[in-house]
Structures are given as structure tokens and as C-alpha cells.
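Engineer: Below is the file model.cif, which contains mmCIF, C-alpha atoms.
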data_query
loop_
_atom_site.label_atom_id
_atom_site.label_comp_id
_atom_site.auth_asym_id
_atom_site.auth_seq_id
_atom_site.Cartn_x
_atom_site.Cartn_y
_atom_site.Cartn_z
CA MET A 1105 70.03 -45.52 15.71
CA LYS A 1106 67.00 -47.51 14.56
CA PRO A 1107 63.71 -45.74 13.68
CA LEU A 1108 61.04 -45.93 16.36
CA ASP A 1109 58.30 -47.36 14.13
CA GLY A 1110 58.49 -50.86 15.64
CA LEU A 1111 58.63 -49.48 19.14
CA GLU A 1112 55.64 -47.23 18.55
CA LEU A 1113 53.63 -50.16 17.21
CA LYS A 1114 54.50 -52.32 20.23
CA ILE A 1115 53.41 -49.59 22.65
CA ALA A 1116 50.28 -48.97 20.55
CA TRP A 1117 49.46 -52.70 20.68
CA PHE A 1118 50.00 -52.81 24.44
CA LEU A 1119 47.76 -49.76 25.03
CA ARG A 1120 45.04 -51.08 22.74
CA ILE A 1121 44.93 -54.48 24.47
CA GLY A 1122 45.04 -52.80 27.90
CA VAL A 1123 42.25 -50.35 27.12
CA ILE A 1124 40.02 -53.02 25.55
CA THR A 1125 40.56 -55.35 28.53
CA ALA A 1126 39.83 -52.59 31.07
CA GLY A 1127 36.84 -51.40 29.01
CA VAL A 1128 35.28 -54.87 28.71
CA ILE A 1129 35.72 -55.55 32.46
CA LEU A 1130 34.28 -52.14 33.38
CA LEU A 1131 31.37 -52.65 30.98
CA SER A 1132 30.61 -56.09 32.47
CA GLY A 1133 30.63 -54.69 35.99
CA TRP A 1134 28.58 -51.68 35.00
CA LEU A 1135 25.95 -53.75 33.15
CA THR A 1136 25.51 -55.96 36.22
CA LYS A 1137 24.85 -52.91 38.37
CA PHE A 1138 22.80 -51.26 35.65
CA LYS A 1139 20.27 -54.08 35.79
CA LEU A 1140 20.13 -54.30 39.55
CA SER A 1141 19.87 -50.69 40.67
CA GLY A 1142 18.09 -47.48 39.74
CA ASN A 1143 20.49 -44.55 39.88
CA PRO A 1144 23.78 -45.18 41.68
CA LEU A 1145 24.83 -41.53 41.32
CA PHE A 1146 22.43 -40.50 44.09
CA ASN A 1147 24.85 -42.08 46.53
CA PHE A 1148 27.50 -39.49 45.80
CA GLN A 1149 25.81 -36.17 46.42
CA THR A 1150 27.75 -35.81 49.65
CA TYR A 1151 31.32 -36.84 50.20
CA ASP A 1152 32.14 -39.72 52.53
CA GLN A 1153 35.78 -40.56 53.07
CA ILE A 1154 35.87 -44.36 52.95
CA TYR A 1155 39.17 -46.02 52.14
CA LEU A 1156 39.45 -48.50 49.30
CA THR A 1157 40.25 -51.42 51.59
CA ASP A 1158 37.04 -50.77 53.55
CA LEU A 1159 34.99 -50.46 50.37
CA ILE A 1160 36.37 -53.72 49.00
CA GLN A 1161 35.58 -55.48 52.29
CA PHE A 1162 32.06 -54.06 52.21
CA HIS A 1163 31.40 -55.21 48.65
CA LEU A 1164 32.94 -58.63 49.32
CA LYS A 1165 30.67 -59.05 52.33
CA ASN A 1166 27.65 -58.12 50.20
CA LYS A 1167 28.83 -60.27 47.28
CA ASP A 1168 28.53 -57.25 45.01
CA TRP A 1169 30.48 -58.84 42.16
CA GLY A 1170 29.58 -56.14 39.65
CA VAL A 1171 31.29 -53.42 41.70
CA LEU A 1172 34.27 -55.68 42.42
CA LEU A 1173 34.61 -56.43 38.72
CA SER A 1174 34.56 -52.69 38.00
CA TYR A 1175 37.34 -52.18 40.56
CA ALA A 1176 39.44 -54.75 38.68
CA GLY A 1177 38.87 -52.83 35.44
CA LEU A 1178 39.85 -49.57 37.14
CA VAL A 1179 43.09 -51.07 38.46
CA ILE A 1180 44.06 -52.09 34.92
CA LEU A 1181 43.12 -48.68 33.50
CA ILE A 1182 45.00 -46.68 36.15
CA LEU A 1183 48.11 -48.83 35.87
CA LEU A 1184 48.24 -48.61 32.07
CA PRO A 1185 50.26 -45.34 31.81
CA PHE A 1186 52.71 -46.51 34.50
CA ILE A 1187 53.34 -49.78 32.70
CA ARG A 1188 53.55 -47.85 29.43
CA VAL A 1189 56.45 -45.75 30.76
CA LEU A 1190 58.14 -48.90 32.06
CA LEU A 1191 57.65 -50.64 28.72
CA THR A 1192 58.92 -47.58 26.86
CA SER A 1193 62.17 -47.51 28.86
CA TYR A 1194 62.65 -51.26 28.31
CA LEU A 1195 62.03 -50.95 24.57
CA PHE A 1196 64.37 -47.93 24.35
CA ILE A 1197 67.11 -50.06 25.94
CA ARG A 1198 66.47 -52.83 23.41
CA GLN A 1199 66.71 -50.27 20.61
CA GLY A 1200 70.04 -49.05 21.98
CA GLU A 1201 68.52 -45.66 22.88
CA TYR A 1202 70.13 -45.54 26.32
CA ARG A 1203 69.76 -41.78 26.82
CA LEU A 1204 66.00 -41.88 26.20
CA ALA A 1205 65.70 -45.03 28.34
CA MET A 1206 67.32 -43.17 31.25
CA ILE A 1207 64.98 -40.22 30.77
CA ALA A 1208 61.98 -42.60 30.83
CA VAL A 1209 63.27 -44.18 34.06
CA ALA A 1210 63.66 -40.67 35.55
CA VAL A 1211 60.01 -39.95 34.65
CA LEU A 1212 58.96 -43.18 36.33
CA LEU A 1213 60.87 -42.29 39.50
CA GLY A 1214 59.33 -38.80 39.47
CA LEU A 1215 55.88 -40.35 39.16
CA MET A 1216 56.55 -42.65 42.07
CA ILE A 1217 57.68 -39.71 44.22
CA SER A 1218 54.64 -37.63 43.28
CA MET A 1219 52.33 -40.59 43.91
CA SER A 1220 53.83 -41.16 47.33
CA LEU A 1221 53.35 -37.45 48.15
CA GLY A 1222 49.74 -37.62 46.92
CA ILE A 1223 50.32 -34.81 44.40
CA ASN A 1224 47.51 -33.72 42.10
CA ILE A 1225 49.19 -33.37 38.73
CA MET T 714 18.25 -46.68 46.60
CA PHE T 715 20.76 -46.80 49.40
CA ARG T 716 24.10 -45.35 50.28
CA ILE T 717 26.97 -46.70 52.32
CA GLU T 718 27.16 -44.87 55.64
CA LYS T 719 30.35 -45.05 57.62
CA ASN T 720 29.65 -44.93 61.34
CA SER T 721 32.87 -46.36 62.63
CA GLU T 722 36.31 -47.17 61.28
CA ARG T 723 35.34 -50.53 59.79
CA HIS T 724 31.57 -50.73 60.02
CA PHE T 725 29.01 -49.62 57.44
CA GLU T 726 25.25 -49.60 57.21
CA LEU T 727 22.82 -48.87 54.39
CA LYS T 728 20.65 -45.77 54.62
CA PRO T 729 18.19 -44.30 52.12
CA THR T 730 19.48 -41.36 50.09
CA LYS T 731 17.98 -37.87 49.68
CA LYS T 732 16.03 -36.67 46.65
CA GLN T 733 14.88 -40.15 45.61
CA THR T 734 11.71 -38.90 44.04
CA LYS T 735 13.32 -36.64 41.45
CA PHE T 736 12.55 -37.30 37.81
CA TYR T 737 15.97 -38.74 37.10
CA ASN T 738 15.42 -41.71 39.38
CA SER T 739 16.21 -44.12 36.56
CA SER T 740 19.16 -45.80 34.97
CA MET T 741 18.70 -43.56 31.95
CA TYR T 742 20.85 -41.06 33.82
CA ASP T 743 23.74 -43.48 33.63
CA LEU T 744 23.24 -43.61 29.88
CA LEU T 745 23.22 -39.83 29.69
CA LEU T 746 26.51 -39.75 31.59
CA LEU T 747 27.88 -42.33 29.16
CA PHE T 748 27.01 -40.12 26.17
CA ILE T 749 28.39 -36.96 27.78
CA SER T 750 31.61 -38.86 28.50
CA LEU T 751 31.70 -40.11 24.94
CA PHE T 752 31.65 -36.50 23.75
CA ALA T 753 34.31 -35.54 26.33
CA GLY T 754 36.55 -38.38 25.12
CA PHE T 755 36.02 -37.38 21.50
CA LEU T 756 36.92 -33.75 22.16
CA GLY T 757 39.77 -34.71 24.48
CA ALA T 758 41.38 -36.96 21.87
CA LEU T 759 40.91 -34.33 19.17
CA LEU T 760 42.49 -31.50 21.18
CA GLY T 761 44.96 -33.26 23.48
CA LEU T 762 42.96 -32.43 26.61
CA GLY T 763 41.81 -34.74 29.36
CA GLY T 764 38.09 -34.16 29.10
CA GLY T 765 37.91 -32.90 32.69
CA ILE T 766 36.50 -29.57 31.52
CA ILE T 767 33.37 -31.46 30.44
CA VAL T 768 33.25 -34.33 32.93
CA VAL T 769 33.62 -32.25 36.13
CA PRO T 770 30.89 -29.66 35.36
CA ALA T 771 28.59 -32.41 34.02
CA LEU T 772 28.93 -34.51 37.17
CA THR T 773 28.59 -31.61 39.60
CA LEU T 774 25.93 -29.52 37.84
CA PHE T 775 23.73 -32.12 36.10
CA PHE T 776 24.17 -35.12 38.37
CA ASP T 777 24.68 -33.33 41.70
CA VAL T 778 27.79 -35.38 42.44
CA ASP T 779 30.18 -34.01 45.10
CA ILE T 780 33.15 -32.15 43.57
CA ARG T 781 35.71 -34.52 45.14
CA TYR T 782 34.19 -37.56 43.44
CA ALA T 783 33.91 -35.55 40.22
CA VAL T 784 37.61 -34.56 40.27
CA ALA T 785 38.59 -38.17 40.98
CA ALA T 786 36.41 -39.32 38.06
CA SER T 787 37.99 -36.70 35.80
CA LEU T 788 41.45 -38.12 36.55
CA VAL T 789 40.27 -41.51 35.32
CA SER T 790 38.76 -39.78 32.30
CA ILE T 791 42.19 -38.29 31.51
CA ILE T 792 43.83 -41.73 31.69
CA ALA T 793 41.07 -43.26 29.58
CA THR T 794 41.31 -40.48 26.95
CA SER T 795 45.08 -40.74 26.84
CA SER T 796 45.28 -44.53 26.62
CA GLY T 797 42.24 -44.83 24.36
CA ALA T 798 43.53 -42.39 21.78
CA ALA T 799 47.27 -43.08 22.11
CA ALA T 800 47.20 -46.42 20.31
CA GLY T 801 45.69 -44.86 17.19
CA PHE T 802 47.95 -41.79 17.30
CA LEU T 803 51.10 -43.90 17.70
CA LYS T 804 50.09 -46.14 14.83
CA ASP T 805 49.44 -43.12 12.62
CA HIS T 806 52.80 -41.54 13.65
CA LEU T 807 51.13 -38.43 15.06
CA THR T 808 52.64 -38.79 18.55
CA ASN T 809 56.28 -37.77 18.87
CA LEU T 810 57.36 -40.48 21.31
CA ARG T 811 60.89 -39.18 21.88
CA LEU T 812 59.64 -35.67 22.57
CA ALA T 813 56.88 -36.93 24.88
CA VAL T 814 59.37 -38.80 27.06
CA ILE T 815 61.64 -35.74 27.31
CA LEU T 816 58.83 -33.30 28.08
CA GLU T 817 57.36 -35.61 30.71
CA THR T 818 60.44 -34.91 32.88
CA GLY T 819 59.50 -31.21 32.95
CA THR T 820 55.85 -31.89 33.86
CA VAL T 821 56.66 -34.34 36.65
CA ALA T 822 59.39 -32.08 38.13
CA GLY T 823 57.01 -29.10 37.94
CA ALA T 824 54.25 -31.00 39.70
CA ILE T 825 56.55 -31.90 42.58
CA THR T 826 57.63 -28.24 42.87
CA GLY T 827 54.01 -27.08 42.73
CA PHE T 828 53.12 -29.44 45.52
CA LEU T 829 56.00 -28.16 47.68
CA ILE T 830 55.09 -24.47 47.22
CA SER T 831 51.30 -24.91 47.28
CA SER T 832 50.94 -23.71 50.86
CA GLU T 833 52.64 -20.39 49.98
CA ILE T 834 50.53 -19.49 46.94
CA ARG T 835 46.98 -18.16 46.77
CA SER T 836 45.21 -20.15 44.07
CA SER T 837 42.54 -17.47 43.43
CA TRP T 838 45.19 -15.08 41.99
CA LEU T 839 46.58 -17.86 39.83
CA TYR T 840 43.15 -18.65 38.43
CA LEU T 841 42.66 -14.98 37.52
CA LEU T 842 46.16 -14.64 36.07
CA PHE T 843 45.90 -17.74 33.93
CA GLY T 844 42.32 -17.03 32.96
CA VAL T 845 43.59 -13.77 31.42
CA PHE T 846 46.67 -15.52 29.98
CA LEU T 847 44.56 -18.20 28.28
CA PHE T 848 42.14 -15.58 26.96
CA PHE T 849 44.93 -13.65 25.24
CA SER T 850 46.51 -16.88 24.00
CA ALA T 851 43.17 -17.75 22.42
CA LEU T 852 43.10 -14.31 20.78
CA MET T 853 46.65 -14.84 19.46
CA MET T 854 45.76 -18.25 18.07
CA PHE T 855 42.62 -16.80 16.53
CA ARG T 856 44.72 -14.22 14.69
CA LYS T 857 47.37 -16.74 13.60
CA LYS T 858 44.92 -19.26 12.09
CA HIS T 859 47.60 -21.63 10.70
CA ASP T 860 50.19 -23.99 12.13
CA ALA T 861 53.53 -22.51 13.11
CA HIS T 862 56.48 -23.81 11.16
CA THR T 863 60.20 -23.53 11.74
CA ASP T 864 63.00 -24.26 9.31
CA THR T 865 65.62 -24.49 12.03
CA ASN T 866 66.00 -27.53 14.21
CA HIS T 867 67.19 -26.90 17.77
CA PRO T 868 70.59 -28.54 18.58
CA TRP T 869 68.96 -30.72 21.26
CA SER T 870 66.38 -31.79 18.73
CA GLU T 871 69.24 -32.60 16.35
CA LYS T 872 71.01 -34.66 19.00
CA LEU T 873 67.92 -36.52 20.24
CA LYS T 874 66.43 -36.89 16.75
CA LEU T 875 63.18 -35.13 17.66
CA ALA T 876 62.36 -33.82 14.17
CA SER T 877 59.89 -36.14 12.52
CA THR T 878 57.05 -36.49 10.03
CA PHE T 879 53.30 -36.78 10.39
CA PRO T 880 50.57 -37.62 7.88
CA ASN T 881 48.20 -34.83 6.84
CA GLU T 882 44.53 -35.42 6.05
CA LYS T 883 45.46 -36.60 2.53
CA GLY T 884 47.94 -39.13 3.93
CA GLU T 885 51.00 -37.19 2.72
CA LYS T 886 54.01 -37.17 5.03
CA ILE T 887 54.77 -33.68 6.34
CA PHE T 888 58.18 -33.03 7.84
CA TYR T 889 58.55 -30.82 10.92
CA ASN T 890 61.44 -29.51 13.02
CA VAL T 891 61.37 -28.92 16.75
CA ALA T 892 62.34 -25.45 18.01
CA GLN T 893 63.44 -24.24 21.45
CA VAL T 894 63.56 -27.60 23.24
CA PRO T 895 64.87 -26.24 26.60
CA LEU T 896 62.13 -23.59 26.63
CA GLY T 897 59.62 -26.32 25.81
CA ILE T 898 60.78 -28.37 28.81
CA LEU T 899 60.59 -25.23 30.96
CA SER T 900 57.03 -24.60 29.73
CA MET T 901 56.10 -28.18 30.66
CA TYR T 902 57.67 -27.56 34.06
CA PHE T 903 55.35 -24.56 34.58
CA ALA T 904 52.43 -26.62 33.27
CA GLY T 905 53.25 -29.18 35.96
CA VAL T 906 53.51 -26.46 38.65
CA LEU T 907 50.11 -25.11 37.62
CA SER T 908 48.51 -28.54 37.61
CA ALA T 909 49.66 -29.20 41.14
CA LEU T 910 48.65 -25.71 42.36
CA LEU T 911 45.27 -25.50 40.67
CA GLY T 912 44.35 -29.18 40.52
CA ILE T 913 43.65 -29.05 36.80
CA GLY T 914 44.75 -31.25 33.96
CA SER T 915 47.42 -29.35 32.05
CA GLY T 916 46.67 -30.63 28.55
CA ILE T 917 45.67 -27.16 27.36
CA PHE T 918 49.02 -25.66 28.52
CA LYS T 919 50.96 -28.52 26.97
CA VAL T 920 49.33 -28.11 23.58
CA MET T 921 49.87 -24.34 23.69
CA ALA T 922 53.53 -24.68 24.68
CA MET T 923 54.19 -27.12 21.86
CA ASP T 924 52.34 -24.88 19.43
CA HIS T 925 53.72 -21.46 20.47
CA VAL T 926 57.18 -22.34 21.78
CA MET T 927 58.29 -25.49 19.97
CA LYS T 928 56.50 -24.64 16.71
CA LEU T 929 55.00 -28.08 16.27
CA PRO T 930 52.01 -28.77 14.02
CA LEU T 931 48.79 -28.72 16.07
CA LYS T 932 47.98 -32.37 15.29
CA VAL T 933 51.38 -33.45 16.62
CA SER T 934 51.04 -31.17 19.68
CA SER T 935 47.60 -32.56 20.42
CA ALA T 936 48.60 -36.23 19.99
CA THR T 937 51.81 -35.79 22.02
CA SER T 938 49.97 -33.93 24.78
CA ASN T 939 47.38 -36.68 24.80
CA PHE T 940 50.10 -39.25 25.28
CA MET T 941 51.66 -37.28 28.17
CA ILE T 942 48.55 -36.39 30.19
CA GLY T 943 47.80 -40.04 30.96
CA VAL T 944 51.17 -40.46 32.65
CA THR T 945 50.78 -37.36 34.81
CA ALA T 946 47.17 -38.15 35.75
CA THR T 947 47.99 -41.69 36.81
CA ALA T 948 50.13 -40.49 39.73
CA SER T 949 47.22 -38.54 41.23
CA ALA T 950 44.68 -41.19 40.27
CA GLY T 951 46.63 -43.81 42.25
CA ALA T 952 46.41 -41.70 45.41
CA TYR T 953 42.69 -40.94 44.87
CA PHE T 954 41.98 -44.61 44.18
CA LEU T 955 43.61 -45.81 47.41
CA ARG T 956 41.74 -43.09 49.32
CA GLY T 957 38.48 -44.52 47.96
CA ASP T 958 37.43 -41.42 45.99
CA ILE T 959 37.31 -43.20 42.65
CA ARG T 960 33.97 -44.98 42.77
CA PRO T 961 33.06 -47.49 40.05
CA GLU T 962 29.41 -46.41 40.22
CA ILE T 963 30.43 -43.00 38.82
CA VAL T 964 33.57 -43.86 36.93
CA SER T 965 32.39 -46.95 35.00
CA PRO T 966 30.00 -45.14 32.61
CA VAL T 967 32.50 -42.23 32.39
CA ALA T 968 35.44 -44.48 31.48
CA ILE T 969 33.45 -46.58 28.99
CA GLY T 970 32.13 -43.45 27.27
CA ILE T 971 35.56 -41.84 27.22
CA ILE T 972 37.27 -44.96 25.80
CA ILE T 973 34.78 -45.13 22.91
CA GLY T 974 34.83 -41.34 22.39
CA SER T 975 38.61 -41.06 22.40
CA TRP T 976 38.91 -43.94 19.93
CA LEU T 977 36.48 -42.12 17.62
CA GLY T 978 38.30 -38.81 18.19
CA ALA T 979 41.63 -40.38 17.22
CA LYS T 980 40.07 -41.78 14.04
CA VAL T 981 38.54 -38.43 13.09
CA MET T 982 41.62 -36.37 13.94
CA THR T 983 43.82 -38.00 11.31
CA ARG T 984 41.26 -37.15 8.64
CA MET T 985 40.43 -33.66 9.87
CA ARG T 986 42.09 -30.51 8.53
CA ASP T 987 44.45 -28.69 10.90
CA THR T 988 42.50 -25.47 10.55
CA TYR T 989 39.29 -27.07 11.87
CA ILE T 990 41.10 -28.54 14.87
CA ARG T 991 42.65 -25.12 15.53
CA LYS T 992 39.21 -23.46 15.44
CA ILE T 993 37.73 -25.97 17.90
CA PHE T 994 40.77 -25.57 20.15
CA ILE T 995 40.37 -21.78 20.19
CA ILE T 996 36.70 -22.06 21.18
CA VAL T 997 37.57 -24.45 24.02
CA LEU T 998 40.42 -22.15 25.07
CA PHE T 999 38.01 -19.19 25.34
CA ILE T 1000 35.58 -21.27 27.42
CA VAL T 1001 38.32 -22.53 29.77
CA SER T 1002 39.77 -19.02 30.19
CA ILE T 1003 36.36 -17.64 31.23
CA GLN T 1004 35.81 -20.67 33.49
CA MET T 1005 39.18 -20.05 35.20
CA PHE T 1006 38.57 -16.32 35.52
CA PHE T 1007 35.24 -16.84 37.29
CA LYS T 1008 36.72 -19.57 39.47
CA GLY T 1009 39.38 -17.06 40.51
CA LEU T 1010 36.75 -14.44 41.34
CA SER T 1011 34.62 -16.86 43.33
CA SER T 1012 37.39 -18.54 45.36
#
Output the structure of this file as C-alpha cells.
Structural biologist:
Amino acid sequence: MKPLDGLELKIAWFLRIGVITAGVILLSGWLTKFKLSGNPLFNFQTYDQIYLTDLIQFHLKNKDWGVLLSYAGLVILILLPFIRVLLTSYLFIRQGEYRLAMIAVAVLLGLMISMSLGINI
Amino acid sequence: MFRIEKNSERHFELKPTKKQTKFYNSSMYDLLLLFISLFAGFLGALLGLGGGIIVVPALTLFFDVDIRYAVAASLVSIIATSSGAAAGFLKDHLTNLRLAVILETGTVAGAITGFLISSEIRSSWLYLLFGVFLFFSALMMFRKKHDAHTDTNHPWSEKLKLASTFPNEKGEKIFYNVAQVPLGILSMYFAGVLSALLGIGSGIFKVMAMDHVMKLPLKVSSATSNFMIGVTATASAGAYFLRGDIRPEIVSPVAIGIIIGSWLGAKVMTRMRDTYIRKIFIIVLFIVSIQMFFKGLSS
């Protein structure tokens, strides 16, 4: 069984690149809004259930590129841990660590089930 | 300043918001949120927590944001803390990757169970029970003061090669064994159940289980918990995101602050003495226990 040093570094590299990419995109979107508006947090004192698809349509219609850019950053950020588990299982297989690879796949399946149920973990 | 008003399934209009004349009608508030999030990310990375204990009260109490948006933002803060700090922790060999993957099975299974039994359980009693539990755990940790250490490696740990090394603040490699692996998985299962029942990030339970049950050094517990919480939060965050509760206007400054803070926290943690991290953890544990106790009384 090989040591996991190489594997850890690959996952670390992936997470670093992912976080920097998401961070830069979010920052760009935020700075655009920051210049244009006063205090966007006022809009969220009361809860309005508006689905993502409707929000995206609204911002597309208003050509609110800053918000849309931020959404892109959020997608990357939210998907990072999912892809990390997927990458971990793939790298475990390449290392010949089949037992750990299977466990990682089981975690991924569990996450998919909980996501489909809308569970708050 | 305007807000999006939904007056039919697919039609919106812009309406002025309330309280526009308050003193914080400036973008400086966004900057304040950025700095609070930076601190939350720093503390989260240092202690293996998601930062929700800072982000949620800050958003609801200081910025008057509705609790549902605040909880959704805290989920993103957990992911940002986890991913932001994980790279550094993995590189420094603080995260036990094998152990994290194994323990994640317990958390995910527990969360599914918690979801299935949630309609049968009264959350107010759970808040009270775990408020008291955390308070006494904090007292126990306060009395212990130093990292637990075990000379015996559990057979599962032997088989899955979970025992490892981590660098201390002087850069020396310290070897550690892993005790009571099945009990550790069971603890993570209960952490998952609690998360689903109470809607809280379970970083604090994970760190405690690794510290008390599996006898891991606190730095390893914190880094491994940090690695795991991102995975568990992403499942909920996906659902919240599709439902439209994760709003970039709130989450952007939070995520940016958290990413920077968690990166700094990861840098500092490797150089910090275990005893200091333990002291900070105990203080946070006391605060969370009181917070949970009062939440139980009020709900």
C-alpha cells in the first residue's frame, strides 16, 4: 500500500485552485454590485421564496451581470466538496486502495440521497 | 434601494424596502460583514467548526437578515471554511484523509436517519439536552487541559492504516494511534442525526468525538473535522441553492471573508500550540452550550 502523500497533495491542489477560482469570481461579482448599490442586505429582512430559476431569469432580464457572476462562483464553491469526494475515490482506486475507494463512493451515494431528500446536515 | 417582489409564479416587480433611512444605509455594512466573516473563517479553520455560530447571529442580529437566508448563508460559510482550510491542512499532513472518508459514512447515514425521525422528535428537548451535554463536555475538557493519547491502535485502525503522524508547532513529526474506531463512527452517526434534527453544523460534535472517543490530537481532530463538514454541508447547500435561499448579495461578502479567514486560520493553526487551541475551543464550547440551552428554552 502506497503512502497517501501524493494523493493528499493532489486533493490539496484541486481544492486550492477551486477555492481561488470561486473566490475571484465571487469577488468580481461582489465588487460590481458594491459600486452600483448602497446596501443589498436590506432586501433580505423578510423571507421571499423565489426559486433559483426565477431569480436567474430576473437577473438575466435586468442584465445584472454582477449577480450572475456571483451565482457562477457559488456553483463552483458548492460543488467543490462533491467533486472532492469523487476525486478522492478515483485517486484511491489509482492507489490500489479499493476498500477506501468503495467507502468514498458510499459517502457520495449517501450525499446524493440526502440532497434529493432536502436534508439539512 | 429596491427588493424583488414576487406577485405571481414568474413575474417580479421592484419595490422600495423598509428602514432605508437607518444609519447603515451604506456599502460599509458589506465591508463589516466581510470582516466578521473573516473572523468566523479564521476561528472555524482553527477549531474545525463551520463558522455558523458567528455568521448566523451576525446576519440576524446586526444586519436584520431573515433567519432562513442566514442559515443558507451559514451553509456556504461551512463549505468555504472547509475548502479554504483543507488545502493547507492536507499539505501539512494535519488531516487524516483515510479516517475522514470512513467517518463521513457515519455522518451521512446519521443525517438520513435524523431526517426520517425528525417528525417524531421535539427539538426543544434536544437543544436543552445537548446544551447541558456540551456544557459538561467543556468542563471535562477544561479539567483535562492536554491532548489525549493512546498507545493502543484499534484493530480497524491497524487494518485501514489510520494511525499517522502530524507536525507539531516546532515542525517535529508526532505519531498518533487511533482508538475505538467503531465507537467513533457511531459518534459521527449521532452527530449526523443531531445535525439533521437541529439544523446545526456538527463540527463541534465531530471534534469532541475524535478527541474524547478516538483519542486523536486536537489539531488532527480539528483539521479532519474541517475536511468532513464541507462534504456534509454541501448536500444541504445544494437544496437551499436550488430553492433560491442562497442569495449572492448576502453570501458573496460572507464567502470571500471566510475563504481569506480560513486560509489564515490554517496557516496559524500549524504554528499554534495545542494548549492554546484547546483553550479557545473550550471557550467556544461554553458559548455554544449556553446558546443551545437558551434556544431550547425559547422554542
Engineer: As an exercise, work out the distance from atom CA of Asp864 of chain T to atom CA of Val814 of chain T in Å and give it to one decimal place.
Structural biologist: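 Between atom CA of Asp864 of chain T and atom CA of Val814 of chain T the gap works out to 23.2 Å.
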Engineer: Pick from T:Leu1010, T:Arg811, T:Val821, T:Tyr889: nearest to Leu931 of chain T, with all atoms listed in the file counted?
Structural biologist: T:Tyr889
Engineer: For this file, the PyMOL selection byres ((chain T and resi 951) around 9) selects which residues, as a CSV table (one decimal) with C-alpha atoms, in the frame of the given file?
Structural biologist:
chain,number,residue,atom,x,y,z
A,1179,VAL,CA,43.1,-51.1,38.5
A,1182,ILE,CA,45.0,-46.7,36.2
A,1183,LEU,CA,48.1,-48.8,35.9
A,1219,MET,CA,52.3,-40.6,43.9
A,1222,GLY,CA,49.7,-37.6,46.9
T,946,ALA,CA,47.2,-38.2,35.8
T,947,THR,CA,48.0,-41.7,36.8
T,948,ALA,CA,50.1,-40.5,39.7
T,949,SER,CA,47.2,-38.5,41.2
T,950,ALA,CA,44.7,-41.2,40.3
T,952,ALA,CA,46.4,-41.7,45.4
T,953,TYR,CA,42.7,-40.9,44.9
T,954,PHE,CA,42.0,-44.6,44.2
T,955,LEU,CA,43.6,-45.8,47.4
T,956,ARG,CA,41.7,-43.1,49.3
Engineer: Taking all atoms listed in the file into account, which of A:Ile1154, A:Ile1180, A:Leu1190, A:Lys1137 comes nearest Asp1168 of chain A?
Structural biologist: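 Distance minimum relative to Asp1168 of chain A lands on A:Lys1137.
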Engineer: Taking the file as I've supplied it (selection: the PyMOL selection byres ((chain A and resi 1169-1178) around 8)), which residues are included? Please answer as a count of residues only.
Structural biologist: 25
Engineer: Fewer than 6 positions away in the same chain doesn't count, so skip those; otherwise give me all residues within 8 Å of Ile1115 of chain A, counting all atoms listed in the file, as a list in words.
Structural biologist: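 In the requested form, the answer reads Arg1188, Leu1191 and Thr1192 of chain A; Ala800 and Leu803 of chain T.
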Engineer: Report as an MDAnalysis selection string all protein, DNA and RNA residues lying within 12 Å of Val1209 of chain A, evaluated on only C-alpha atoms, omitting residues in the same chain fewer than 6 positions from it.
Structural biologist: (chainID A and resid 1186:1197 1202:1203 1215:1216) or (chainID T and resid 814:815 817:818)
Engineer: Dump as a list in words all residues having an atom at most 10 Å from (47.2, -51.0, 23.6), computed in the file's coordinates with all atoms listed in the file.
Structural biologist: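 Protein, DNA and RNA residues close to (47.2, -51.0, 23.6): Leu1113, Lys1114, Ile1115, Ala1116, Trp1117, Phe1118, Leu1119, Arg1120, Ile1121, Gly1122, Val1123, Ile1124, Thr1125, Leu1184 and Arg1188 of chain A; Ser796, Gly797, Ala798, Ala799, Ala800 and Gly801 of chain T.
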Engineer: Pull out every residue that the PyMOL selection byres ((chain T and resi 780-784) around 10) matches in the shown coordinates and put them as number ranges by chain.
Structural biologist: A: 1148-1153; T: 765, 768-774, 776-779, 785-790, 912-913, 950, 953, 957-960, 963-964
Engineer: Hey, can you check how far atom CA of Ala824 of chain T sits from atom CA of Ala909 of chain T?
Structural biologist: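 Atom-to-atom, atom CA of Ala824 of chain T to atom CA of Ala909 of chain T, that is 5.1 Å.
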Engineer: One decimal, Å: what's the distance from atom CA of Ser1011 of chain T over to atom CA of Leu998 of chain T, could you say?
Structural biologist: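 About the pair atom CA of Ser1011 of chain T and atom CA of Leu998 of chain T: they are 19.9 Å apart.
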Engineer: Write out as a list in words which residues come within 7 Å of Gly974 of chain T when counting all atoms listed in the file, dropping same-chain ones fewer than 4 positions away.
Structural biologist: Leu751, Phe752, Gly754, Phe755, Gly970 and Gly978 of chain T
Engineer: Select, from T:Leu907, T:Val845, T:Leu747, T:Met923, the residue with the minimum atom-to-atom distance to Thr826 of chain T, counting only C-alpha atoms.
Structural biologist: T:Leu907
